[in-house]
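Inspection log for the structure reproduced underneath, given as structure tokens.
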Protein chains: 2
Amino acid sequence: MNAPNTRLNMADVAALAGVSKATVSRVLSGAPGVSEETRRRIKALVKDLSYVVSPDASRLSRGSTGRIAVVMPHTTSWFYGAVLAGVLSVLRAEGLDALVYQVADGTESRTFFADLPVQRRVDAVIVVAFPVTEHERRQLDLLGMPVVVAGGALEHHAHVRIDDTTAARQAVTHLIRSGHERIAMINAAVTREWPYAPPADRLDGYRTALEDAGLTVDPRLVVDLPWSGTMGADGMDRLLSLDRPPTAVFGFCDEVALGALRSLRRAGVSVPRTVSVIGIDDHPLAELCDLTTVRQPAEQQGARSAHLALDLLGGAPTGELHVTLPTHLVIRATTGPPEDS
Amino acid sequence: MNAPNTRLNMADVAALAGVSKATVSRVLSGAPGVSEETRRRIKALVKDLSYVVSPDASRLSRGSTGRIAVVMPHTTSWFYGAVLAGVLSVLRAEGLDALVYQVADGTESRTFFADLPVQRRVDAVIVVAFPVTEHERRQLDLLGMPVVVAGGALEHHAHVRIDDTTAARQAVTHLIRSGHERIAMINAAVTREWPYAPPADRLDGYRTALEDAGLTVDPRLVVDLPWSGTMGADGMDRLLSLDRPPTAVFGFCDEVALGALRSLRRAGVSVPRTVSVIGIDDHPLAELCDLTTVRQPAEQQGARSAHLALDLLGGAPTGELHVTLPTHLVIRATTGPPEDS
DNA sequence: CCGGAAGATGTAACCGGTTGCGTGCTGGGA
DNA sequence: TCCCAGCACGCAACCGGTTACATCTTCCGG
């Protein structure tokens, strides 16, 4: 294989093959109207020269960019990485490229939705677990291209997600079945700047699970904290300082649950003997920490979103545009019956 | 602000403004030769119409794509996500887009380096902590565009990384200073298919730290395992089955160390009383697990790589092309003096 | 032996910008 | 008053493909 020669363009290849650009183009795009022999000859030459078409030029005449934007608030945490992995694997199979936009804080978000830099650069947008304000949603509507939401939902748009309420119910129900009655929740606080839906849904699941079991919801056992790496630990500290601490704690996600575990360990509280802990996600490190949790399929959410985007691009929305993927309880070593039972 | 109108092109804007495309182009690209008044007028019109130039068309005439490829073996683990975050933040500031390629297993790797799909799609490539075979390296050389390696090194190319040997020495020296003499290492096994450099370097640091302290290197205390989520746990199990288990364990990275912690916890071994554990990375969850570790600046490595790529694109390699970032010992609760001291 | 359909290939316009060069206008110095 | 520098702007070619349409063969039935 020779050196990939970027200086080479289709006209050169055509000249070398003794045909016109049109014929080369037809061969390369698999269009009909070229004799089998010519086709073979050109293909061989192209391979020999390591010629590749310019996607930009191609885009210009064809109209589609062959790219899809993936927008996420950050790339560091497991969930986003996993969703991205799912998206990428599907797109790669289709020969599409992914343009990743990290839109972290409020300022970035504002400029992103004001400038909409994805305009004209991509054919579709996949928004990953993004707290979108009403105004931002309207901006997305104006984009004039398919928008798919992964790990969340957005009016007017296709989405792939889990049922947060159900996931929370699965977690809390497991605690109830184990015999717990004083069950706390450490939740992520939602603000107008951060209108993230899962906290409310999971809180709802927590509440209804308790109510369905005939247990009362004690507001002192629900701790709301702004999102941070140590909010689980902070929340647990607060719960431990109560007169009657809970016997079980449901964390908004695994990272929160792991934070709670740290506080319990430092306080010398035995887990799960004195306090049980459960989270949501099934973060890879949850396994290493023996954390009981409710697994959500992150990579699958990414993959399905990508498929949805492709469907939408194909113009034929064959399947359902609103996909909810199932979650599963994964019992490990941080939950058990309460001490007094 | 009106709806971003994708149907609008520069000719339309020019017609509306009563000028030629050339003038609009000059205004939009900040080129000289346009009166201040015309400039203002066109800018206002452009804003009013929410017109954005087509980056592809622009690329075609200008020659550069305004995009950079980021190639990584996977996106899920913290390190890659953090590097990506660093890259993205720098690129965004420069108005460049990032095309992310996930090249996971051997097959993907082979096709990636054979087809070099990044050709003509980007101006530069950032390769993140990627085990690159000799043949693949040569393919990269042929690419004819700047290549920067983040979290590793590659002949002929710029790179940003940490000194793995030093990092390992920092970890092991900390254990030695705490009084340990039987120090084990759980390392990632390198194969021809996976020619990843850090394992060898970190092993080297482990060895030299021991030798410098006058300690002998016991080969039974070095466990090599193929990379997996539970290799830390598996390695620790093996170490625990020795006649004389070590009093301290150095994990190839934090995930390995956390795996070791799980085995110790399950075996009922007290940490750090009976066995101390240390890793490398300072994974965000290391803090939640109170894991002592050597911190490496992942996001910075990404950011510096991006800057390097930009420098290289600018044609003026101002600074050093080989950057080594410092690592720091972070002492938490999984290390302490050995029991018998 | 002839007309015409089907298939292979070339021609040229077009996608949406960028830019070298040319033109027309203005103002200042001789 | 005349000449020319200098500025503002338009013209048109070009970037590298795609594709509608035209042209030329070739092979068939009549």
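Quick note on naming: the chains in the structure tokens go A, B, ... in the order shown, residues restart at 1 in each chain, and ligands are numbered from 1 in order of appearance.
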
For this session: Excluding range 5-10 of chain C and any residue of its chain fewer than 2 positions from it, enumerate the residues within 12 Å of it, using only C-alpha atoms (C1' of nucleotides), and give them as a ChimeraX atom specification.
Result: /A:14,18-24,26,32-39 /C:3,12 /D:21-29

Can you write out the residues you just picked, keeping C-alpha atoms (C1' of nucleotides), as a PDB file, in the first residue's frame?
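Okay, again06.pdb is ready:
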```pdb
ATOM      1  CA  ALA A  14      -9.692  10.237 -13.778  1.00  0.00           C
ATOM      2  CA  GLY A  18      -8.195   7.746 -18.899  1.00  0.00           C
ATOM      3  CA  VAL A  19     -11.797   8.503 -18.052  1.00  0.00           C
ATOM      4  CA  SER A  20     -13.770  11.505 -16.850  1.00  0.00           C
ATOM      5  CA  LYS A  21     -14.334  12.616 -13.267  1.00  0.00           C
ATOM      6  CA  ALA A  22     -17.954  11.639 -13.656  1.00  0.00           C
ATOM      7  CA  THR A  23     -17.084   8.010 -14.205  1.00  0.00           C
ATOM      8  CA  VAL A  24     -14.744   7.915 -11.251  1.00  0.00           C
ATOM      9  CA  ARG A  26     -19.956   6.972 -10.204  1.00  0.00           C
ATOM     10  CA  PRO A  32     -24.988   2.487 -11.846  1.00  0.00           C
ATOM     11  CA  GLY A  33     -24.080   3.181 -15.421  1.00  0.00           C
ATOM     12  CA  VAL A  34     -20.498   2.030 -15.481  1.00  0.00           C
ATOM     13  CA  SER A  35     -19.316  -1.140 -17.143  1.00  0.00           C
ATOM     14  CA  GLU A  36     -18.107  -3.833 -14.838  1.00  0.00           C
ATOM     15  CA  GLU A  37     -14.676  -3.768 -16.345  1.00  0.00           C
ATOM     16  CA  THR A  38     -14.162  -0.032 -16.025  1.00  0.00           C
ATOM     17  CA  ARG A  39     -15.456  -0.239 -12.503  1.00  0.00           C
TER      18      ARG A  39
ATOM     19  C1'  DG C   3     -34.298   2.321 -36.955  1.00  0.00           C
ATOM     20  C1'  DA C  12     -20.764  21.172 -17.915  1.00  0.00           C
TER      21       DA C  12
ATOM     22  C1'  DC D  21     -28.305  15.796 -19.740  1.00  0.00           C
ATOM     23  C1'  DA D  22     -26.020  15.049 -24.176  1.00  0.00           C
ATOM     24  C1'  DT D  23     -23.399  12.003 -27.074  1.00  0.00           C
ATOM     25  C1'  DC D  24     -21.750   7.903 -28.895  1.00  0.00           C
ATOM     26  C1'  DT D  25     -21.719   2.780 -29.327  1.00  0.00           C
ATOM     27  C1'  DT D  26     -23.561  -1.387 -29.722  1.00  0.00           C
ATOM     28  C1'  DC D  27     -26.782  -4.794 -30.461  1.00  0.00           C
ATOM     29  C1'  DC D  28     -31.509  -6.097 -31.383  1.00  0.00           C
ATOM     30  C1'  DG D  29     -35.869  -6.996 -33.938  1.00  0.00           C
TER      31       DG D  29
END
```

Go through chain D residue by residue and, counting only C-alpha atoms (C1' of nucleotides), keep those with an atom at most 9 Å from chain A; for each kept residue give the shortest atom pair and its distance in Å to one decimal, ordered by chain and increasing number, as JSON lines.
```
{"residue": "D:DC15", "atom": "C1'", "partner": "A:Ala57", "partner_atom": "CA", "distance": 8.1}
{"residue": "D:DG16", "atom": "C1'", "partner": "A:Ala57", "partner_atom": "CA", "distance": 5.1}
{"residue": "D:DG17", "atom": "C1'", "partner": "A:Ala57", "partner_atom": "CA", "distance": 4.9}
{"residue": "D:DT18", "atom": "C1'", "partner": "A:Ser61", "partner_atom": "CA", "distance": 5.5}
{"residue": "D:DT19", "atom": "C1'", "partner": "A:Ala22", "partner_atom": "CA", "distance": 8.3}
```

Exercise. If you run DSSP on the backbone, which residues of range 108-327 of chain A are strand (DSSP E or B), as a PyMOL selection string?
Worked result: chain A and resi 124-128+147-150+158-162+183-188+222-225+248-251+276-281+292-295+322-325

Expected answer as a PDB file with N, CA and C atoms, in the first residue's frame: helix (DSSP H, G or I) residues in range 76-236 of chain B:
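The new file part.pdb reads:
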```
ATOM      1  N   TRP B  78     -12.412   6.730  33.056  1.00  0.00           N
ATOM      2  CA  TRP B  78     -12.208   8.098  33.479  1.00  0.00           C
ATOM      3  C   TRP B  78     -11.091   8.797  32.721  1.00  0.00           C
ATOM      4  N   PHE B  79      -9.960   8.141  32.591  1.00  0.00           N
ATOM      5  CA  PHE B  79      -8.802   8.783  32.000  1.00  0.00           C
ATOM      6  C   PHE B  79      -9.106   9.329  30.605  1.00  0.00           C
ATOM      7  N   TYR B  80      -9.719   8.511  29.781  1.00  0.00           N
ATOM      8  CA  TYR B  80      -9.999   8.943  28.420  1.00  0.00           C
ATOM      9  C   TYR B  80     -11.017  10.072  28.392  1.00  0.00           C
ATOM     10  N   GLY B  81     -12.000   9.953  29.238  1.00  0.00           N
ATOM     11  CA  GLY B  81     -12.987  11.016  29.306  1.00  0.00           C
ATOM     12  C   GLY B  81     -12.359  12.333  29.717  1.00  0.00           C
ATOM     13  N   ALA B  82     -11.455  12.262  30.660  1.00  0.00           N
ATOM     14  CA  ALA B  82     -10.817  13.482  31.158  1.00  0.00           C
ATOM     15  C   ALA B  82      -9.915  14.087  30.087  1.00  0.00           C
ATOM     16  N   VAL B  83      -9.153  13.252  29.415  1.00  0.00           N
ATOM     17  CA  VAL B  83      -8.299  13.769  28.341  1.00  0.00           C
ATOM     18  C   VAL B  83      -9.173  14.430  27.280  1.00  0.00           C
ATOM     19  N   LEU B  84     -10.231  13.750  26.919  1.00  0.00           N
ATOM     20  CA  LEU B  84     -11.137  14.306  25.913  1.00  0.00           C
ATOM     21  C   LEU B  84     -11.680  15.652  26.357  1.00  0.00           C
ATOM     22  N   ALA B  85     -12.049  15.746  27.621  1.00  0.00           N
ATOM     23  CA  ALA B  85     -12.573  17.007  28.136  1.00  0.00           C
ATOM     24  C   ALA B  85     -11.534  18.115  27.958  1.00  0.00           C
ATOM     25  N   GLY B  86     -10.277  17.803  28.255  1.00  0.00           N
ATOM     26  CA  GLY B  86      -9.223  18.803  28.100  1.00  0.00           C
ATOM     27  C   GLY B  86      -9.063  19.224  26.650  1.00  0.00           C
ATOM     28  N   VAL B  87      -9.059  18.263  25.772  1.00  0.00           N
ATOM     29  CA  VAL B  87      -8.938  18.568  24.348  1.00  0.00           C
ATOM     30  C   VAL B  87     -10.096  19.453  23.901  1.00  0.00           C
ATOM     31  N   LEU B  88     -11.298  19.042  24.253  1.00  0.00           N
ATOM     32  CA  LEU B  88     -12.475  19.768  23.800  1.00  0.00           C
ATOM     33  C   LEU B  88     -12.482  21.207  24.276  1.00  0.00           C
ATOM     34  N   SER B  89     -12.079  21.416  25.517  1.00  0.00           N
ATOM     35  CA  SER B  89     -12.156  22.788  26.025  1.00  0.00           C
ATOM     36  C   SER B  89     -11.205  23.699  25.253  1.00  0.00           C
ATOM     37  N   VAL B  90     -10.042  23.186  24.910  1.00  0.00           N
ATOM     38  CA  VAL B  90      -9.102  24.016  24.148  1.00  0.00           C
ATOM     39  C   VAL B  90      -9.610  24.240  22.727  1.00  0.00           C
ATOM     40  N   LEU B  91     -10.078  23.188  22.101  1.00  0.00           N
ATOM     41  CA  LEU B  91     -10.546  23.319  20.718  1.00  0.00           C
ATOM     42  C   LEU B  91     -11.734  24.260  20.617  1.00  0.00           C
ATOM     43  N   ARG B  92     -12.618  24.144  21.567  1.00  0.00           N
ATOM     44  CA  ARG B  92     -13.790  25.012  21.531  1.00  0.00           C
ATOM     45  C   ARG B  92     -13.367  26.478  21.563  1.00  0.00           C
ATOM     46  N   ALA B  93     -12.398  26.767  22.412  1.00  0.00           N
ATOM     47  CA  ALA B  93     -11.920  28.149  22.517  1.00  0.00           C
ATOM     48  C   ALA B  93     -11.377  28.638  21.175  1.00  0.00           C
ATOM     49  N   GLU B  94     -10.851  27.745  20.382  1.00  0.00           N
ATOM     50  CA  GLU B  94     -10.292  28.127  19.087  1.00  0.00           C
ATOM     51  C   GLU B  94     -11.311  28.003  17.957  1.00  0.00           C
ATOM     52  N   GLY B 106      -8.529  -5.223  18.238  1.00  0.00           N
ATOM     53  CA  GLY B 106      -7.564  -5.409  17.164  1.00  0.00           C
ATOM     54  C   GLY B 106      -8.145  -5.218  15.775  1.00  0.00           C
ATOM     55  N   THR B 107      -9.341  -5.742  15.563  1.00  0.00           N
ATOM     56  CA  THR B 107      -9.944  -5.624  14.236  1.00  0.00           C
ATOM     57  C   THR B 107     -10.181  -4.171  13.873  1.00  0.00           C
ATOM     58  N   GLU B 108     -10.819  -3.465  14.789  1.00  0.00           N
ATOM     59  CA  GLU B 108     -11.090  -2.056  14.539  1.00  0.00           C
ATOM     60  C   GLU B 108      -9.806  -1.306  14.281  1.00  0.00           C
ATOM     61  N   SER B 109      -8.814  -1.677  15.069  1.00  0.00           N
ATOM     62  CA  SER B 109      -7.533  -1.010  14.939  1.00  0.00           C
ATOM     63  C   SER B 109      -6.943  -1.236  13.550  1.00  0.00           C
ATOM     64  N   ARG B 110      -7.015  -2.473  13.109  1.00  0.00           N
ATOM     65  CA  ARG B 110      -6.455  -2.780  11.793  1.00  0.00           C
ATOM     66  C   ARG B 110      -7.158  -1.999  10.698  1.00  0.00           C
ATOM     67  N   THR B 111      -8.483  -2.022  10.712  1.00  0.00           N
ATOM     68  CA  THR B 111      -9.170  -1.292   9.649  1.00  0.00           C
ATOM     69  C   THR B 111      -8.937   0.208   9.782  1.00  0.00           C
ATOM     70  N   PHE B 112      -8.874   0.670  11.016  1.00  0.00           N
ATOM     71  CA  PHE B 112      -8.663   2.106  11.180  1.00  0.00           C
ATOM     72  C   PHE B 112      -7.343   2.536  10.557  1.00  0.00           C
ATOM     73  N   PHE B 113      -6.303   1.794  10.857  1.00  0.00           N
ATOM     74  CA  PHE B 113      -5.001   2.214  10.364  1.00  0.00           C
ATOM     75  C   PHE B 113      -4.800   1.849   8.892  1.00  0.00           C
ATOM     76  N   ALA B 114      -5.592   0.920   8.399  1.00  0.00           N
ATOM     77  CA  ALA B 114      -5.501   0.589   6.979  1.00  0.00           C
ATOM     78  C   ALA B 114      -6.250   1.642   6.156  1.00  0.00           C
ATOM     79  N   ASP B 115      -7.465   1.956   6.575  1.00  0.00           N
ATOM     80  CA  ASP B 115      -8.266   2.902   5.793  1.00  0.00           C
ATOM     81  C   ASP B 115      -7.948   4.350   6.116  1.00  0.00           C
ATOM     82  N   GLU B 134       4.226  -1.072  15.515  1.00  0.00           N
ATOM     83  CA  GLU B 134       5.207  -0.456  14.613  1.00  0.00           C
ATOM     84  C   GLU B 134       4.568  -0.127  13.270  1.00  0.00           C
ATOM     85  N   HIS B 135       3.810  -1.071  12.758  1.00  0.00           N
ATOM     86  CA  HIS B 135       3.163  -0.863  11.463  1.00  0.00           C
ATOM     87  C   HIS B 135       2.170   0.288  11.511  1.00  0.00           C
ATOM     88  N   GLU B 136       1.438   0.341  12.595  1.00  0.00           N
ATOM     89  CA  GLU B 136       0.454   1.416  12.731  1.00  0.00           C
ATOM     90  C   GLU B 136       1.137   2.774  12.825  1.00  0.00           C
ATOM     91  N   ARG B 137       2.275   2.761  13.498  1.00  0.00           N
ATOM     92  CA  ARG B 137       3.004   4.011  13.608  1.00  0.00           C
ATOM     93  C   ARG B 137       3.405   4.515  12.218  1.00  0.00           C
ATOM     94  N   ARG B 138       3.855   3.607  11.401  1.00  0.00           N
ATOM     95  CA  ARG B 138       4.256   4.006  10.052  1.00  0.00           C
ATOM     96  C   ARG B 138       3.065   4.565   9.283  1.00  0.00           C
ATOM     97  N   GLN B 139       1.912   3.952   9.483  1.00  0.00           N
ATOM     98  CA  GLN B 139       0.727   4.465   8.810  1.00  0.00           C
ATOM     99  C   GLN B 139       0.454   5.905   9.235  1.00  0.00           C
ATOM    100  N   LEU B 140       0.629   6.157  10.523  1.00  0.00           N
ATOM    101  CA  LEU B 140       0.401   7.510  11.017  1.00  0.00           C
ATOM    102  C   LEU B 140       1.377   8.481  10.373  1.00  0.00           C
ATOM    103  N   ASP B 141       2.608   8.034  10.202  1.00  0.00           N
ATOM    104  CA  ASP B 141       3.600   8.891   9.567  1.00  0.00           C
ATOM    105  C   ASP B 141       3.141   9.320   8.175  1.00  0.00           C
ATOM    106  N   LEU B 142       2.481   8.391   7.499  1.00  0.00           N
ATOM    107  CA  LEU B 142       2.075   8.655   6.116  1.00  0.00           C
ATOM    108  C   LEU B 142       0.928   9.651   6.029  1.00  0.00           C
ATOM    109  N   ASP B 164       5.942   7.707  33.633  1.00  0.00           N
ATOM    110  CA  ASP B 164       5.367   6.553  34.327  1.00  0.00           C
ATOM    111  C   ASP B 164       6.333   5.945  35.336  1.00  0.00           C
ATOM    112  N   THR B 165       7.597   5.956  34.974  1.00  0.00           N
ATOM    113  CA  THR B 165       8.584   5.395  35.890  1.00  0.00           C
ATOM    114  C   THR B 165       8.613   6.196  37.189  1.00  0.00           C
ATOM    115  N   THR B 166       8.644   7.499  37.043  1.00  0.00           N
ATOM    116  CA  THR B 166       8.662   8.356  38.226  1.00  0.00           C
ATOM    117  C   THR B 166       7.395   8.180  39.058  1.00  0.00           C
ATOM    118  N   ALA B 167       6.269   8.126  38.384  1.00  0.00           N
ATOM    119  CA  ALA B 167       5.010   7.963  39.107  1.00  0.00           C
ATOM    120  C   ALA B 167       5.047   6.691  39.946  1.00  0.00           C
ATOM    121  N   ALA B 168       5.523   5.606  39.338  1.00  0.00           N
ATOM    122  CA  ALA B 168       5.601   4.340  40.068  1.00  0.00           C
ATOM    123  C   ALA B 168       6.571   4.468  41.236  1.00  0.00           C
ATOM    124  N   ARG B 169       7.670   5.133  40.993  1.00  0.00           N
ATOM    125  CA  ARG B 169       8.644   5.321  42.081  1.00  0.00           C
ATOM    126  C   ARG B 169       8.024   6.103  43.227  1.00  0.00           C
ATOM    127  N   GLN B 170       7.252   7.118  42.883  1.00  0.00           N
ATOM    128  CA  GLN B 170       6.604   7.897  43.939  1.00  0.00           C
ATOM    129  C   GLN B 170       5.713   7.006  44.800  1.00  0.00           C
ATOM    130  N   ALA B 171       4.971   6.155  44.120  1.00  0.00           N
ATOM    131  CA  ALA B 171       4.058   5.278  44.855  1.00  0.00           C
ATOM    132  C   ALA B 171       4.826   4.306  45.738  1.00  0.00           C
ATOM    133  N   VAL B 172       5.789   3.629  45.141  1.00  0.00           N
ATOM    134  CA  VAL B 172       6.506   2.588  45.881  1.00  0.00           C
ATOM    135  C   VAL B 172       7.379   3.193  46.987  1.00  0.00           C
ATOM    136  N   THR B 173       7.965   4.339  46.685  1.00  0.00           N
ATOM    137  CA  THR B 173       8.789   4.992  47.691  1.00  0.00           C
ATOM    138  C   THR B 173       7.953   5.362  48.918  1.00  0.00           C
ATOM    139  N   HIS B 174       6.722   5.775  48.653  1.00  0.00           N
ATOM    140  CA  HIS B 174       5.845   6.105  49.774  1.00  0.00           C
ATOM    141  C   HIS B 174       5.641   4.875  50.669  1.00  0.00           C
ATOM    142  N   LEU B 175       5.477   3.726  50.026  1.00  0.00           N
ATOM    143  CA  LEU B 175       5.281   2.491  50.796  1.00  0.00           C
ATOM    144  C   LEU B 175       6.555   2.143  51.576  1.00  0.00           C
ATOM    145  N   ILE B 176       7.688   2.318  50.906  1.00  0.00           N
ATOM    146  CA  ILE B 176       8.960   2.000  51.564  1.00  0.00           C
ATOM    147  C   ILE B 176       9.174   2.906  52.776  1.00  0.00           C
ATOM    148  N   ARG B 177       8.912   4.177  52.577  1.00  0.00           N
ATOM    149  CA  ARG B 177       9.093   5.138  53.674  1.00  0.00           C
ATOM    150  C   ARG B 177       8.159   4.833  54.839  1.00  0.00           C
ATOM    151  N   PRO B 198       3.057   2.006  29.346  1.00  0.00           N
ATOM    152  CA  PRO B 198       3.080   2.265  30.790  1.00  0.00           C
ATOM    153  C   PRO B 198       3.366   1.056  31.675  1.00  0.00           C
ATOM    154  N   PRO B 199       2.827  -0.127  31.394  1.00  0.00           N
ATOM    155  CA  PRO B 199       3.113  -1.242  32.311  1.00  0.00           C
ATOM    156  C   PRO B 199       4.613  -1.478  32.504  1.00  0.00           C
ATOM    157  N   ALA B 200       5.355  -1.485  31.419  1.00  0.00           N
ATOM    158  CA  ALA B 200       6.792  -1.721  31.538  1.00  0.00           C
ATOM    159  C   ALA B 200       7.462  -0.605  32.338  1.00  0.00           C
ATOM    160  N   ASP B 201       7.083   0.630  32.041  1.00  0.00           N
ATOM    161  CA  ASP B 201       7.699   1.761  32.732  1.00  0.00           C
ATOM    162  C   ASP B 201       7.380   1.745  34.221  1.00  0.00           C
ATOM    163  N   ARG B 202       6.140   1.430  34.518  1.00  0.00           N
ATOM    164  CA  ARG B 202       5.763   1.444  35.934  1.00  0.00           C
ATOM    165  C   ARG B 202       6.433   0.290  36.680  1.00  0.00           C
ATOM    166  N   LEU B 203       6.570  -0.815  35.986  1.00  0.00           N
ATOM    167  CA  LEU B 203       7.289  -1.942  36.597  1.00  0.00           C
ATOM    168  C   LEU B 203       8.733  -1.527  36.865  1.00  0.00           C
ATOM    169  N   ASP B 204       9.276  -0.814  35.913  1.00  0.00           N
ATOM    170  CA  ASP B 204      10.648  -0.330  36.063  1.00  0.00           C
ATOM    171  C   ASP B 204      10.770   0.578  37.288  1.00  0.00           C
ATOM    172  N   GLY B 205       9.816   1.476  37.433  1.00  0.00           N
ATOM    173  CA  GLY B 205       9.836   2.368  38.581  1.00  0.00           C
ATOM    174  C   GLY B 205       9.717   1.592  39.883  1.00  0.00           C
ATOM    175  N   TYR B 206       8.866   0.597  39.875  1.00  0.00           N
ATOM    176  CA  TYR B 206       8.691  -0.278  41.046  1.00  0.00           C
ATOM    177  C   TYR B 206      10.022  -0.930  41.406  1.00  0.00           C
ATOM    178  N   ARG B 207      10.688  -1.505  40.391  1.00  0.00           N
ATOM    179  CA  ARG B 207      11.957  -2.198  40.634  1.00  0.00           C
ATOM    180  C   ARG B 207      13.035  -1.262  41.164  1.00  0.00           C
ATOM    181  N   THR B 208      13.217  -0.161  40.463  1.00  0.00           N
ATOM    182  CA  THR B 208      14.315   0.723  40.857  1.00  0.00           C
ATOM    183  C   THR B 208      14.073   1.331  42.221  1.00  0.00           C
ATOM    184  N   ALA B 209      12.804   1.607  42.533  1.00  0.00           N
ATOM    185  CA  ALA B 209      12.531   2.159  43.862  1.00  0.00           C
ATOM    186  C   ALA B 209      12.953   1.159  44.930  1.00  0.00           C
ATOM    187  N   LEU B 210      12.626  -0.107  44.705  1.00  0.00           N
ATOM    188  CA  LEU B 210      13.003  -1.140  45.674  1.00  0.00           C
ATOM    189  C   LEU B 210      14.525  -1.265  45.761  1.00  0.00           C
ATOM    190  N   GLU B 211      15.153  -1.328  44.599  1.00  0.00           N
ATOM    191  CA  GLU B 211      16.611  -1.501  44.583  1.00  0.00           C
ATOM    192  C   GLU B 211      17.320  -0.329  45.252  1.00  0.00           C
ATOM    193  N   ASP B 212      16.858   0.852  44.941  1.00  0.00           N
ATOM    194  CA  ASP B 212      17.483   2.032  45.540  1.00  0.00           C
ATOM    195  C   ASP B 212      17.383   1.993  47.065  1.00  0.00           C
ATOM    196  N   PRO B 219      10.228 -11.845  42.566  1.00  0.00           N
ATOM    197  CA  PRO B 219       9.376 -12.028  41.379  1.00  0.00           C
ATOM    198  C   PRO B 219       7.999 -12.594  41.712  1.00  0.00           C
ATOM    199  N   ARG B 220       7.881 -13.311  42.836  1.00  0.00           N
ATOM    200  CA  ARG B 220       6.569 -13.853  43.194  1.00  0.00           C
ATOM    201  C   ARG B 220       5.601 -12.737  43.583  1.00  0.00           C
ATOM    202  N   LEU B 221       6.149 -11.589  43.882  1.00  0.00           N
ATOM    203  CA  LEU B 221       5.285 -10.470  44.299  1.00  0.00           C
ATOM    204  C   LEU B 221       4.849  -9.591  43.127  1.00  0.00           C
ATOM    205  N   MET B 231      -9.187  -7.327  37.186  1.00  0.00           N
ATOM    206  CA  MET B 231      -7.828  -7.860  37.289  1.00  0.00           C
ATOM    207  C   MET B 231      -7.175  -7.494  38.615  1.00  0.00           C
ATOM    208  N   GLY B 232      -7.563  -6.353  39.187  1.00  0.00           N
ATOM    209  CA  GLY B 232      -7.009  -5.978  40.481  1.00  0.00           C
ATOM    210  C   GLY B 232      -7.418  -6.982  41.542  1.00  0.00           C
ATOM    211  N   ALA B 233      -8.699  -7.344  41.505  1.00  0.00           N
ATOM    212  CA  ALA B 233      -9.208  -8.306  42.475  1.00  0.00           C
ATOM    213  C   ALA B 233      -8.551  -9.667  42.272  1.00  0.00           C
ATOM    214  N   ASP B 234      -8.465 -10.085  41.027  1.00  0.00           N
ATOM    215  CA  ASP B 234      -7.852 -11.385  40.732  1.00  0.00           C
ATOM    216  C   ASP B 234      -6.390 -11.411  41.177  1.00  0.00           C
ATOM    217  N   GLY B 235      -5.685 -10.341  40.869  1.00  0.00           N
ATOM    218  CA  GLY B 235      -4.279 -10.282  41.257  1.00  0.00           C
ATOM    219  C   GLY B 235      -4.109 -10.350  42.763  1.00  0.00           C
ATOM    220  N   MET B 236      -4.992  -9.649  43.460  1.00  0.00           N
ATOM    221  CA  MET B 236      -4.893  -9.636  44.925  1.00  0.00           C
ATOM    222  C   MET B 236      -5.179 -11.031  45.480  1.00  0.00           C
TER     223      MET B 236
END
```

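Proximity to chain A was assessed for C:DG22, C:DG27, C:DG16, C:DG4 counting only C-alpha atoms (C1' of nucleotides); the smallest distance is recorded for C:DG16.
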
Exercise. Taking only C-alpha atoms (C1' of nucleotides) into account, which of C:DC1, C:DA13, C:DC21, C:DA30 comes nearest DA13 in chain D?
Worked result: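 Smallest separation from DA13 in chain D among the options: C:DC21.
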